[in-house]
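Enquirer: Pasting structure_21.tsv below, which is TSV, C-alpha atoms.
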```tsv
chain	number	residue	atom	x	y	z
A	1	MET	CA	91.23	114.93	48.71
A	2	ARG	CA	87.99	112.97	48.31
A	3	PRO	CA	85.31	113.49	51.07
A	4	ILE	CA	85.53	109.88	52.25
A	5	THR	CA	89.29	110.16	52.57
A	6	ARG	CA	89.00	113.37	54.56
A	7	LEU	CA	86.43	111.71	56.81
A	8	ALA	CA	88.69	108.71	57.42
A	9	LEU	CA	91.60	111.00	58.25
A	10	ALA	CA	89.47	113.04	60.64
A	11	MET	CA	88.27	109.90	62.38
A	12	ALA	CA	91.84	108.62	62.72
A	13	LEU	CA	92.97	111.92	64.21
A	14	CYS	CA	90.08	111.94	66.68
A	15	THR	CA	90.85	108.38	67.70
A	16	SER	CA	94.52	109.24	68.17
A	17	ALA	CA	93.66	112.28	70.28
A	18	PHE	CA	91.24	110.27	72.38
A	19	ASN	CA	93.76	107.52	73.03
A	20	ALA	CA	96.38	110.10	73.99
A	21	GLN	CA	94.06	111.22	76.78
A	22	ALA	CA	93.22	107.70	77.95
A	23	SER	CA	94.87	106.59	81.18
A	24	ASN	CA	95.48	103.24	82.80
A	25	VAL	CA	94.23	102.92	86.35
A	26	LEU	CA	95.43	100.10	88.59
A	27	ILE	CA	92.73	98.63	90.82
A	28	VAL	CA	94.21	96.78	93.80
A	29	LEU	CA	92.03	94.37	95.75
A	30	SER	CA	92.58	91.92	98.55
A	31	ASP	CA	92.67	88.28	97.57
A	32	SER	CA	91.44	87.22	101.01
A	33	ASP	CA	87.89	85.95	101.45
A	34	HIS	CA	87.84	86.46	105.23
A	35	LEU	CA	88.94	88.62	108.13
A	36	GLU	CA	90.32	87.11	111.30
A	37	LEU	CA	88.56	88.55	114.36
A	38	LYS	CA	89.20	88.42	118.09
A	39	ASP	CA	88.83	85.12	119.95
A	40	ASN	CA	89.73	83.09	116.85
A	41	LYS	CA	86.50	84.00	115.10
A	42	VAL	CA	86.44	84.49	111.34
A	43	PHE	CA	84.27	86.80	109.25
A	44	ALA	CA	83.56	85.89	105.61
A	45	THR	CA	84.14	88.99	103.50
A	46	GLY	CA	85.75	90.39	100.35
A	47	PHE	CA	85.26	93.60	98.37
A	48	TYR	CA	82.08	95.70	98.35
A	49	LEU	CA	80.26	95.65	95.02
A	50	ASN	CA	79.58	99.36	94.72
A	51	GLU	CA	83.00	100.37	96.05
A	52	LEU	CA	84.67	98.48	93.23
A	53	MET	CA	82.23	98.83	90.38
A	54	GLN	CA	81.01	102.43	90.63
A	55	PRO	CA	84.50	103.90	90.05
A	56	VAL	CA	85.36	101.16	87.54
A	57	LYS	CA	82.25	101.90	85.46
A	58	LEU	CA	83.00	105.63	85.51
A	59	LEU	CA	86.55	104.98	84.30
A	60	LEU	CA	85.53	102.57	81.55
A	61	ASP	CA	82.69	104.81	80.36
A	62	ALA	CA	85.21	107.66	80.09
A	63	GLY	CA	87.46	105.55	77.86
A	64	HIS	CA	90.18	104.74	80.38
A	65	SER	CA	91.76	101.33	80.86
A	66	VAL	CA	91.73	99.44	84.14
A	67	THR	CA	94.04	96.71	85.36
A	68	PHE	CA	93.04	94.55	88.32
A	69	ALA	CA	95.59	93.16	90.77
A	70	THR	CA	95.72	91.34	94.10
A	71	PRO	CA	98.82	90.44	96.14
A	72	THR	CA	99.15	86.94	94.70
A	73	GLY	CA	97.00	87.24	91.59
A	74	LYS	CA	94.17	85.23	93.10
A	75	ALA	CA	90.67	86.22	92.02
A	76	PRO	CA	89.07	88.44	94.69
A	77	THR	CA	85.83	87.61	96.49
A	78	LEU	CA	82.61	89.61	96.52
A	79	ASP	CA	81.25	90.34	99.98
A	80	ASN	CA	77.70	89.10	99.50
A	81	SER	CA	76.34	91.55	102.06
A	82	SER	CA	77.13	94.34	99.57
A	83	ASN	CA	74.86	92.80	96.94
A	84	ASP	CA	72.10	95.21	97.93
A	85	LYS	CA	70.39	98.13	96.23
A	86	MET	CA	70.84	100.29	99.33
A	87	TYR	CA	74.45	100.80	98.23
A	88	PHE	CA	73.15	102.18	94.92
A	89	ASN	CA	70.77	104.78	96.35
A	90	ASN	CA	68.07	102.08	96.47
A	91	ASP	CA	68.10	101.87	92.69
A	92	ALA	CA	67.57	98.22	91.76
A	93	SER	CA	68.39	98.86	88.10
A	94	ALA	CA	71.74	100.44	89.04
A	95	LEU	CA	72.53	97.42	91.22
A	96	GLN	CA	71.82	95.06	88.33
A	97	GLU	CA	73.80	97.20	85.87
A	98	HIS	CA	76.92	97.13	88.05
A	99	LYS	CA	76.52	93.41	88.79
A	100	ALA	CA	76.28	92.72	85.07
A	101	LEU	CA	79.51	94.64	84.46
A	102	LEU	CA	81.25	92.70	87.24
A	103	GLU	CA	80.15	89.43	85.61
A	104	LYS	CA	81.23	90.65	82.17
A	105	LEU	CA	84.71	91.50	83.42
A	106	LYS	CA	84.96	88.06	85.15
A	107	ILE	CA	86.93	89.59	88.01
A	108	THR	CA	85.81	86.97	90.55
A	109	SER	CA	86.06	83.99	88.18
A	110	VAL	CA	88.54	81.45	89.52
A	111	GLY	CA	89.42	80.21	86.03
A	112	GLU	CA	88.96	83.35	83.89
A	113	SER	CA	89.76	86.34	86.11
A	114	PRO	CA	91.97	88.98	84.46
A	115	VAL	CA	93.52	89.77	87.86
A	116	ILE	CA	97.32	89.82	88.01
A	117	SER	CA	99.72	89.72	90.95
A	118	LEU	CA	101.49	92.74	92.41
A	119	SER	CA	104.77	91.12	91.34
A	120	ARG	CA	103.49	91.15	87.77
A	121	VAL	CA	102.53	94.83	88.18
A	122	GLU	CA	106.13	95.58	89.15
A	123	GLN	CA	107.43	93.62	86.15
A	124	MET	CA	105.18	95.66	83.84
A	125	GLY	CA	106.58	98.84	85.38
A	126	TYR	CA	104.84	101.20	87.77
A	127	GLU	CA	105.21	103.95	85.16
A	128	HIS	CA	102.59	102.10	83.08
A	129	PHE	CA	99.89	103.26	85.50
A	130	ASP	CA	98.52	106.76	85.97
A	131	ALA	CA	96.50	106.24	89.15
A	132	ILE	CA	95.72	103.56	91.70
A	133	TYR	CA	92.43	102.76	93.41
A	134	VAL	CA	91.81	100.48	96.41
A	135	PRO	CA	88.16	99.69	97.25
A	136	GLY	CA	86.98	98.49	100.62
A	137	GLY	CA	85.11	95.67	102.18
A	138	HIS	CA	86.80	94.23	105.27
A	139	ALA	CA	89.24	92.07	103.27
A	140	PRO	CA	92.05	94.67	102.94
A	141	MET	CA	92.44	94.46	106.72
A	142	GLN	CA	93.51	90.84	106.34
A	143	ASP	CA	96.34	91.22	103.83
A	144	LEU	CA	96.81	94.58	102.10
A	145	LEU	CA	97.92	96.39	105.25
A	146	ASN	CA	100.97	94.10	105.57
A	147	SER	CA	101.83	93.62	101.89
A	148	ALA	CA	105.45	94.57	101.22
A	149	GLN	CA	104.80	94.52	97.47
A	150	LEU	CA	101.92	96.95	97.87
A	151	GLY	CA	104.02	99.15	100.13
A	152	LYS	CA	106.65	99.38	97.40
A	153	LEU	CA	104.02	100.31	94.83
A	154	LEU	CA	102.38	102.95	97.02
A	155	THR	CA	105.73	104.47	97.91
A	156	ASN	CA	106.53	104.80	94.21
A	157	PHE	CA	103.20	106.52	93.56
A	158	HIS	CA	103.83	108.82	96.52
A	159	ASP	CA	107.29	109.74	95.23
A	160	GLN	CA	105.89	110.42	91.74
A	161	GLY	CA	102.85	112.34	93.04
A	162	LYS	CA	100.47	109.97	91.27
A	163	THR	CA	96.83	109.85	92.31
A	164	THR	CA	96.33	107.26	95.05
A	165	ALA	CA	92.65	106.74	95.89
A	166	LEU	CA	91.13	104.46	98.53
A	167	VAL	CA	87.70	104.11	100.09
A	168	CYS	CA	86.05	102.77	103.27
A	169	HIS	CA	88.35	100.03	104.66
A	170	GLY	CA	90.68	100.45	101.68
A	171	PRO	CA	92.82	103.18	103.29
A	172	ILE	CA	94.15	100.61	105.78
A	173	ALA	CA	96.38	99.51	102.87
A	174	LEU	CA	98.41	102.68	103.40
A	175	LEU	CA	99.99	101.03	106.45
A	176	SER	CA	101.91	98.80	104.03
A	177	THR	CA	104.34	101.69	103.51
A	178	LEU	CA	105.59	101.41	107.10
A	179	SER	CA	109.05	99.86	107.42
A	180	ASP	CA	107.55	97.08	109.55
A	181	PRO	CA	103.75	97.06	109.21
A	182	THR	CA	103.41	93.57	110.67
A	183	THR	CA	104.92	94.56	114.01
A	184	PHE	CA	102.85	97.76	114.00
A	185	THR	CA	99.58	95.86	113.49
A	186	GLN	CA	100.54	93.22	116.05
A	187	LYS	CA	100.96	95.98	118.61
A	188	LEU	CA	97.54	97.34	117.65
A	189	GLU	CA	96.02	93.92	118.22
A	190	THR	CA	97.52	93.57	121.69
A	191	GLY	CA	97.09	97.19	122.74
A	192	ALA	CA	100.84	97.73	123.04
A	193	LYS	CA	102.29	101.20	122.48
A	194	THR	CA	102.97	102.01	118.82
A	195	THR	CA	105.32	104.50	117.17
A	196	LYS	CA	104.70	106.61	114.07
A	197	SER	CA	108.09	107.79	112.89
A	198	ASP	CA	108.52	106.26	109.44
A	199	TRP	CA	105.12	106.27	107.76
A	200	THR	CA	104.99	107.60	104.20
A	201	TYR	CA	101.69	109.39	104.83
A	202	ALA	CA	102.47	110.88	108.26
A	203	GLY	CA	100.84	114.30	108.49
A	204	TYR	CA	98.42	113.66	105.63
A	205	GLN	CA	94.75	114.51	105.99
A	206	PHE	CA	92.68	111.39	105.34
A	207	THR	CA	89.39	109.67	105.97
A	208	VAL	CA	88.38	106.05	106.40
A	209	ILE	CA	85.36	104.28	107.81
A	210	SER	CA	85.02	105.91	111.22
A	211	ASN	CA	85.07	104.23	114.61
A	212	GLN	CA	81.47	105.41	114.98
A	213	GLU	CA	80.42	103.74	111.73
A	214	GLU	CA	82.28	100.55	112.68
A	215	ASP	CA	80.28	100.45	115.92
A	216	LEU	CA	77.04	101.02	114.03
A	217	ALA	CA	77.83	98.20	111.59
A	218	LYS	CA	79.27	95.66	114.03
A	219	GLY	CA	76.14	93.53	113.70
A	220	LEU	CA	77.57	92.34	110.38
A	221	LEU	CA	80.22	90.49	112.37
A	222	LYS	CA	77.53	88.33	114.03
A	223	GLY	CA	78.90	88.68	117.54
A	224	GLY	CA	82.54	88.88	116.53
A	225	ALA	CA	84.80	91.86	117.12
A	226	MET	CA	87.54	93.36	114.98
A	227	LYS	CA	91.05	93.31	116.40
A	228	PHE	CA	91.33	97.08	115.81
A	229	TYR	CA	89.57	99.80	113.86
A	230	PRO	CA	91.20	101.38	110.80
A	231	GLN	CA	90.58	104.96	111.97
A	232	THR	CA	92.54	104.31	115.16
A	233	ALA	CA	95.32	102.51	113.28
A	234	LEU	CA	95.85	105.28	110.73
A	235	GLU	CA	95.75	107.99	113.39
A	236	LEU	CA	98.36	106.16	115.45
A	237	ALA	CA	100.51	105.83	112.32
A	238	GLY	CA	100.49	109.62	112.02
A	239	GLY	CA	97.52	110.51	109.83
A	240	LEU	CA	95.10	113.38	110.49
A	241	PHE	CA	91.57	111.96	110.43
A	242	SER	CA	88.63	113.86	108.97
A	243	SER	CA	85.04	112.67	109.38
A	244	ASN	CA	81.62	113.39	107.97
A	245	THR	CA	79.07	115.07	110.24
A	246	SER	CA	76.46	112.36	109.77
A	247	PRO	CA	77.21	108.60	109.73
A	248	TRP	CA	77.24	107.02	106.25
A	249	ALA	CA	77.11	110.37	104.43
A	250	SER	CA	79.62	110.69	101.60
A	251	HIS	CA	82.89	112.29	102.64
A	252	VAL	CA	86.00	112.64	100.47
A	253	VAL	CA	89.34	114.08	101.57
A	254	ILE	CA	92.07	115.17	99.13
A	255	ASP	CA	95.61	115.85	100.34
A	256	ARG	CA	98.29	116.09	97.67
A	257	GLU	CA	98.22	112.81	95.70
A	258	LEU	CA	96.05	111.07	98.29
A	259	VAL	CA	92.27	110.76	97.79
A	260	THR	CA	90.29	108.95	100.49
A	261	GLY	CA	86.58	108.22	100.87
A	262	GLN	CA	85.00	107.41	104.21
A	263	ASN	CA	82.37	104.76	103.52
A	264	PRO	CA	80.44	102.90	100.79
A	265	GLY	CA	78.44	106.05	100.06
A	266	SER	CA	81.69	107.83	99.16
A	267	ALA	CA	82.80	105.45	96.39
A	268	LEU	CA	81.04	107.22	93.53
A	269	ASP	CA	82.43	110.59	94.59
A	270	VAL	CA	85.94	109.15	94.86
A	271	GLY	CA	85.53	107.79	91.33
A	272	LYS	CA	84.56	111.25	90.11
A	273	VAL	CA	87.65	112.78	91.72
A	274	ILE	CA	89.88	110.20	90.00
A	275	LEU	CA	88.30	111.09	86.66
A	276	GLU	CA	88.84	114.79	87.19
A	277	ARG	CA	92.47	114.32	88.16
A	278	LEU	CA	93.10	112.21	85.06
A	279	LYS	CA	91.89	114.91	82.69
A	280	VAL	CA	93.35	118.14	84.10
A	281	PRO	CA	94.69	119.94	80.98
A	282	GLY	CA	98.37	120.70	80.92
A	283	GLN	CA	99.02	118.59	84.04
A	284	PRO	CA	100.24	115.01	84.47
A	285	LYS	CA	97.36	112.55	84.16
A	286	SER	CA	97.81	111.55	87.76
```
Have the structure of the file written as structure tokens, please.

Expert:
Amino acid sequence: MRPITRLALAMALCTSAFNAQASNVLIVLSDSDHLELKDNKVFATGFYLNELMQPVKLLLDAGHSVTFATPTGKAPTLDNSSNDKMYFNNDASALQEHKALLEKLKITSVGESPVISLSRVEQMGYEHFDAIYVPGGHAPMQDLLNSAQLGKLLTNFHDQGKTTALVCHGPIALLSTLSDPTTFTQKLETGAKTTKSDWTYAGYQFTVISNQEEDLAKGLLKGGAMKFYPQTALELAGGLFSSNTSPWASHVVIDRELVTGQNPGSALDVGKVILERLKVPGQPKS
């Protein structure tokens, strides 16, 4: 066999081996651009830049594929308050690098976004995806927590033991696996007594942006107030909350297939956990 032929064969085999290890991660975002607050006030929001793009960049750099979805397939909205280097360890170049990737992927483009609907995800087949990731920003508290389609998807991942990762406000999406999340959240809003008998993640250890951190950050709401805090909601649903010891410090909790990060500073670490779980030798990618 001529040297060039051997080289071509070796390259083909390496490419095949690499592709065999590549996984497809589903990124689920809210398609809401606001959060309804108490007293009919509205807070303009969306996803947090670093919470989406730090894990996405890690995945793409490692050779994995990512698919973006929202409940209706509408392009998601960037929360402009997250366009700040403080979420990237005060590294202005890292901020610009992740913004450039966001623009390249055209995720927020109304006319060119690659985002698909959760109905389309189901049509493709849940088995097509090896892991799921839900970033935060306040927007998931507007729609993801009550999405029946998302609840169906998460339940499937739970049943299959596939990695399910969420960060900051993202874990509120786990409420979608309740049999009636809308009634549950309505009771939270009014202060009525809630029950926790049928939640998929009852008894799971988890983290989410803490009540303490919500209080510290409430100035973002410009005098408005959230109808309820996600920590309280997930505890009432039956979850076992774990917190960092210092506000805004990174904190990641892993319980079976569930990976949760507490705040924006946890997004990079959650991304690293996803990567590790996708490459465990001899184990399912998820």

Enquirer: Smallest atom-to-atom distance to Leu118 of chain A: which of A:Ser65, A:Thr70, A:Ser250, A:Asn89, using all atoms listed in the file?

Expert: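 The shortest atom-to-atom distance to Leu118 of chain A comes from A:Thr70.
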
Enquirer: Atom CA of Phe157 of chain A and atom CA of Thr183 of chain A are how many Å apart?

Expert: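 We find that atom CA of Phe157 of chain A and atom CA of Thr183 of chain A lie 23.8 Å from each other.
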
Enquirer: Between A:Ile132, A:Ala69, A:Leu154, A:Leu105, which has the minimum distance to Arg120 of chain A (counting only C-alpha atoms)?

Expert: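 Residue with the minimum atom-to-atom distance to Arg120 of chain A: A:Ala69.
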
Enquirer: Using all atoms listed in the file, pick whichever of A:Leu278, A:Ala192, A:Val25, A:Leu35 has the shortest atom-to-atom distance to Phe47 of chain A.

Expert: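 Smallest distance to Phe47 of chain A is found for A:Leu35.
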
Enquirer: Check the smallest atom-to-atom distance from each of A:Ala237, A:Ala75, A:Leu221, A:Leu145 to Gly111 of chain A using all atoms listed in the file, then report the winner.

Expert: A:Ala75

Enquirer: Between A:His158, A:Lys99, A:Lys38, A:Lys106, which has the minimum distance to Ala202 of chain A (counting all atoms listed in the file)?

Expert: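 Between A:His158, A:Lys99, A:Lys38, A:Lys106, the residue approaching Ala202 of chain A most closely is A:His158.
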
Enquirer: Nearest to Ser109 of chain A among A:Thr77, A:Ser93, A:Thr232, A:Ser82, with distances taken over only C-alpha atoms: which residue is it?

Expert: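 Of the candidates, the smallest distance to Ser109 of chain A is held by A:Thr77.
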
Enquirer: Please, what distance in Å, to one decimal, runs between atom CA of Val167 of chain A and atom CA of Lys85 of chain A?

Expert: 18.7 Å

Enquirer: Do you have the atom CA of Ala22 of chain A-atom CA of Thr200 of chain A distance handy?

Expert: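 Value for the atom CA of Ala22 of chain A-atom CA of Thr200 of chain A distance: 28.8 Å.
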
Enquirer: Give me, as a ChimeraX atom specification, all polymer residues having an atom no more than 9 Å from Phe184 of chain A, counting only C-alpha atoms and skipping those fewer than 2 positions away in the same chain.

Expert: /A:175,178,180-182,186-189,194-195,233,237

Enquirer: Would you save the residues of that selection, restricted to C-alpha atoms, as a PDB file, in the frame of the given file?

Expert:
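Below you can see selection-v1.pdb, which holds the result:
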```
ATOM      1  CA  LEU A 175      99.990 101.030 106.450  1.00  0.00           C
ATOM      2  CA  LEU A 178     105.590 101.410 107.100  1.00  0.00           C
ATOM      3  CA  ASP A 180     107.550  97.080 109.550  1.00  0.00           C
ATOM      4  CA  PRO A 181     103.750  97.060 109.210  1.00  0.00           C
ATOM      5  CA  THR A 182     103.410  93.570 110.670  1.00  0.00           C
ATOM      6  CA  GLN A 186     100.540  93.220 116.050  1.00  0.00           C
ATOM      7  CA  LYS A 187     100.960  95.980 118.610  1.00  0.00           C
ATOM      8  CA  LEU A 188      97.540  97.340 117.650  1.00  0.00           C
ATOM      9  CA  GLU A 189      96.020  93.920 118.220  1.00  0.00           C
ATOM     10  CA  THR A 194     102.970 102.010 118.820  1.00  0.00           C
ATOM     11  CA  THR A 195     105.320 104.500 117.170  1.00  0.00           C
ATOM     12  CA  ALA A 233      95.320 102.510 113.280  1.00  0.00           C
ATOM     13  CA  ALA A 237     100.510 105.830 112.320  1.00  0.00           C
TER      14      ALA A 237
END
```

Enquirer: Counting only C-alpha atoms, write as a list in words all protein and nucleic acid residues lying at most 6 Å from (83.4, 86.1, 100.7) in the file's frame.

Expert: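 Those residues lying close to the given coordinates are Asp33, Ala44, Thr45, Gly46, Thr77, Leu78 and Asp79 of chain A.
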
Enquirer: Produce the centre coordinates and the three edge lengths, each in Å to one decimal, of the box along x, y and z that contains all listed atoms of segment 272-280 of chain A with 8 Å added on each side, as AutoDock Vina command-line options.

Expert:
```
--center_x 89.0 --center_y 114.2 --center_z 87.2 --size_x 24.8 --size_y 23.9 --size_z 25.0
```

Enquirer: Which residues come within 12 Å of Gln212 of chain A, counting only C-alpha atoms, excluding same-chain residues fewer than 6 positions away, as a list in words?

Expert: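 After dropping sequence-adjacent residues, the list is Lys218, Tyr229, Pro230, Gln231, Thr232, Ser243, Asn244, Thr245, Ser246, Pro247, Trp248, Gln262 and Asn263 of chain A.
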
Enquirer: When you look at Glu36 of chain A with a cut-off of 7 Å (counting all atoms listed in the file), what residues show up, excluding the ones that are within fewer than 6 positions of it in the same chain? I need them as a PyMOL selection string.

Expert: chain A and resi 42-43+142

Enquirer: Have segment 233-255 of chain A completed to N, CA and C atoms, please, and pass it along as a compact mmCIF listing (two decimals), in the frame of the given file.

Expert:
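part20.txt, written as the output of this step:
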```txt
# COMPACT_ATOMS: atom_id res chain seq x y z
N ALA A 233 94.02 102.94 113.80
CA ALA A 233 95.32 102.51 113.28
C ALA A 233 96.00 103.61 112.48
N LEU A 234 95.25 104.26 111.60
CA LEU A 234 95.85 105.28 110.73
C LEU A 234 96.18 106.56 111.50
N GLU A 235 95.40 106.84 112.54
CA GLU A 235 95.75 107.99 113.39
C GLU A 235 97.03 107.71 114.18
N LEU A 236 97.16 106.51 114.70
CA LEU A 236 98.36 106.16 115.45
C LEU A 236 99.59 106.13 114.55
N ALA A 237 99.38 105.83 113.27
CA ALA A 237 100.51 105.83 112.32
C ALA A 237 100.97 107.25 112.01
N GLY A 238 100.09 108.24 112.26
CA GLY A 238 100.49 109.62 112.02
C GLY A 238 99.59 110.40 111.10
N GLY A 239 98.45 109.81 110.70
CA GLY A 239 97.52 110.51 109.83
C GLY A 239 96.59 111.43 110.61
N LEU A 240 96.01 112.40 109.89
CA LEU A 240 95.10 113.38 110.49
C LEU A 240 93.69 113.08 109.99
N PHE A 241 92.88 112.46 110.84
CA PHE A 241 91.57 111.96 110.43
C PHE A 241 90.53 113.07 110.28
N SER A 242 89.75 112.95 109.21
CA SER A 242 88.63 113.86 108.97
C SER A 242 87.37 113.03 108.79
N SER A 243 86.27 113.45 109.43
CA SER A 243 85.04 112.67 109.38
C SER A 243 83.87 113.47 108.82
N ASN A 244 82.88 112.75 108.33
CA ASN A 244 81.62 113.39 107.97
C ASN A 244 80.90 113.83 109.24
N THR A 245 79.83 114.60 109.08
CA THR A 245 79.07 115.07 110.24
C THR A 245 77.88 114.19 110.53
N SER A 246 77.57 113.29 109.59
CA SER A 246 76.46 112.36 109.77
C SER A 246 76.90 110.98 109.29
N PRO A 247 76.76 109.93 110.12
CA PRO A 247 77.21 108.60 109.73
C PRO A 247 76.66 108.17 108.37
N TRP A 248 77.52 107.59 107.56
CA TRP A 248 77.24 107.02 106.25
C TRP A 248 77.07 108.06 105.15
N ALA A 249 77.12 109.36 105.48
CA ALA A 249 77.11 110.37 104.43
C ALA A 249 78.44 110.34 103.68
N SER A 250 78.39 110.66 102.40
CA SER A 250 79.62 110.69 101.60
C SER A 250 80.58 111.74 102.14
N HIS A 251 81.85 111.36 102.18
CA HIS A 251 82.89 112.29 102.64
C HIS A 251 84.19 111.93 101.95
N VAL A 252 84.76 112.87 101.22
CA VAL A 252 86.00 112.64 100.47
C VAL A 252 87.03 113.67 100.91
N VAL A 253 88.25 113.21 101.16
CA VAL A 253 89.34 114.08 101.57
C VAL A 253 90.47 113.98 100.54
N ILE A 254 90.97 115.12 100.09
CA ILE A 254 92.07 115.17 99.13
C ILE A 254 93.24 115.90 99.77
N ASP A 255 94.38 115.23 99.83
CA ASP A 255 95.61 115.85 100.34
C ASP A 255 96.76 115.42 99.44
```
